[in-house]
>>> print(open('entry.pdb').read())   # PDB, C-alpha atoms
MODEL        1
ATOM      1  CA  MET A  17      14.210 -89.305 -13.753
ATOM      2  CA  GLN A  18      13.562 -87.164 -16.817
ATOM      3  CA  GLN A  19      14.837 -84.012 -15.126
ATOM      4  CA  ALA A  20      18.145 -85.730 -14.625
ATOM      5  CA  GLN A  21      18.431 -85.784 -18.417
ATOM      6  CA  GLY A  22      18.363 -81.976 -18.468
ATOM      7  CA  THR A  23      14.922 -81.420 -20.000
ATOM      8  CA  ALA A  24      12.456 -79.406 -17.959
ATOM      9  CA  LYS A  25       8.801 -80.247 -18.513
ATOM     10  CA  ARG A  26       7.240 -77.159 -16.888
ATOM     11  CA  PRO A  27       7.846 -73.516 -17.819
ATOM     12  CA  GLU A  28       8.444 -72.729 -14.135
ATOM     13  CA  ASP A  29      11.492 -75.000 -14.175
ATOM     14  CA  ARG A  30      13.259 -72.886 -16.795
ATOM     15  CA  SER A  31      15.581 -70.048 -15.906
ATOM     16  CA  THR A  32      14.093 -66.560 -16.270
ATOM     17  CA  GLU A  33      17.307 -64.586 -16.095
ATOM     18  CA  PHE A  34      20.027 -63.957 -18.616
ATOM     19  CA  VAL A  35      23.028 -66.197 -18.212
ATOM     20  CA  ALA A  36      26.037 -65.209 -20.292
ATOM     21  CA  VAL A  37      27.889 -67.900 -22.155
ATOM     22  CA  GLU A  38      31.422 -68.199 -20.945
ATOM     23  CA  GLY A  39      34.311 -69.344 -23.064
ATOM     24  CA  GLY A  40      32.659 -68.404 -26.340
ATOM     25  CA  LYS A  41      34.678 -66.907 -29.135
ATOM     26  CA  GLU A  42      33.230 -63.584 -30.284
ATOM     27  CA  THR A  43      34.462 -62.526 -33.686
ATOM     28  CA  ALA A  44      32.861 -59.052 -33.702
ATOM     29  CA  SER A  45      31.675 -56.779 -30.946
ATOM     30  CA  ALA A  46      28.132 -55.460 -30.812
ATOM     31  CA  GLY A  47      29.357 -51.942 -31.553
ATOM     32  CA  THR A  48      31.093 -53.077 -34.711
ATOM     33  CA  LEU A  49      27.983 -54.912 -35.878
ATOM     34  CA  LEU A  50      25.830 -51.855 -35.150
ATOM     35  CA  VAL A  51      28.096 -49.559 -37.161
ATOM     36  CA  ALA A  52      28.155 -52.062 -40.031
ATOM     37  CA  ALA A  53      24.353 -52.285 -40.000
ATOM     38  CA  TYR A  54      24.024 -48.485 -40.116
ATOM     39  CA  LEU A  55      26.504 -48.271 -42.994
ATOM     40  CA  VAL A  56      24.579 -50.885 -44.957
ATOM     41  CA  MET A  57      21.261 -49.101 -44.347
ATOM     42  CA  TRP A  58      22.687 -45.707 -45.410
ATOM     43  CA  ALA A  59      24.217 -47.272 -48.524
ATOM     44  CA  LEU A  60      20.872 -48.848 -49.449
ATOM     45  CA  LEU A  61      19.047 -45.559 -48.874
ATOM     46  CA  LEU A  62      21.522 -43.584 -50.978
ATOM     47  CA  ALA A  63      21.376 -46.168 -53.764
ATOM     48  CA  PHE A  64      17.566 -46.009 -53.740
ATOM     49  CA  VAL A  65      17.586 -42.200 -53.941
ATOM     50  CA  TRP A  66      20.241 -42.191 -56.687
ATOM     51  CA  ILE A  67      18.334 -44.745 -58.785
ATOM     52  CA  GLY A  68      15.149 -42.703 -58.400
ATOM     53  CA  TRP A  69      16.962 -39.522 -59.423
ATOM     54  CA  ARG A  70      18.443 -41.222 -62.510
ATOM     55  CA  ARG A  71      15.054 -42.555 -63.554
ATOM     56  CA  GLY A  72      13.577 -39.094 -63.114
ATOM     57  CA  GLN A  73      16.276 -37.632 -65.346
ATOM     58  CA  GLN A  74      15.682 -40.280 -68.006
ATOM     59  CA  LEU A  75      11.935 -39.667 -67.858
ATOM     60  CA  ALA A  76      12.427 -35.901 -68.234
ATOM     61  CA  THR A  77      14.701 -36.457 -71.250
ATOM     62  CA  ARG A  78      12.191 -38.781 -72.877
ATOM     63  CA  LEU A  79       9.346 -36.360 -72.181
ATOM     64  CA  ASP A  80      11.305 -33.520 -73.808
ATOM     65  CA  SER A  81      11.941 -35.605 -76.916
ATOM     66  CA  LEU A  82       8.256 -36.559 -77.118
ATOM     67  CA  GLU A  83       7.207 -32.922 -76.795
ATOM     68  CA  LYS A  84       9.589 -31.963 -79.611
ATOM     69  CA  ALA A  85       8.219 -34.775 -81.776
ATOM     70  CA  LEU A  86       4.658 -33.576 -81.138
ATOM     71  CA  ASP A  87       5.634 -30.000 -81.994
ATOM     72  CA  ARG A  88       7.224 -31.173 -85.261
ATOM     73  CA  HIS A  89       4.133 -33.216 -86.063
ATOM     74  CA  ASP A  90       1.824 -30.259 -85.353
ATOM     75  CA  SER A  91       3.939 -27.864 -87.428
ATOM     76  CA  ALA A  92       4.076 -30.313 -90.355
ATOM     77  CA  LYS A  93       0.323 -30.741 -90.202
ATOM     78  CA  SER A  94      -0.342 -26.985 -90.476
TER      79      SER A  94
ENDMDL
END
>>> encode(input="entry.pdb", output="structure tokens")
Amino acid sequence: MQQAQGTAKRPEDRSTEFVAVEGGKETASAGTLLVAAYLVMWALLLAFVWIGWRRGQQLATRLDSLEKALDRHDSAKS
């Protein structure tokens, strides 16, 4: 009686093959989603590299100013 309700109790009673859903409304194809995913990943990668480059530039600028300050301090001490 329980199988008449549509619930299978044993794993052997389940289907093991892919059955496509018919009548569904797809809003985007798989190709479109794949291209969108690649674009998002490339954008994230480029943003990560750009942020790292900017931080490197800021660090180099700060290091230069610290070196100049140390040189001034050493020359004033002499």
>>> atom_distance(input="entry.pdb", atom1="atom CA of Ala59 of chain A", atom2="atom CA of Lys41 of chain A")
29.5 Å
>>> axis_aligned_box(input="entry.pdb", around="segment 31-34 of chain A", padding_each_side="5 Å", output="lines of an AutoDock Vina configuration file")
center_x = 17.1
center_y = -67.0
center_z = -17.3
size_x = 15.9
size_y = 16.1
size_z = 12.7
>>> atom_distance(input="entry.pdb", atom1="atom CA of Gly40 of chain A", atom2="atom CA of Ala52 of chain A")
21.8 Å
>>> atom_distance(input="entry.pdb", atom1="atom CA of Gln73 of chain A", atom2="atom CA of Leu60 of chain A")
20.0 Å
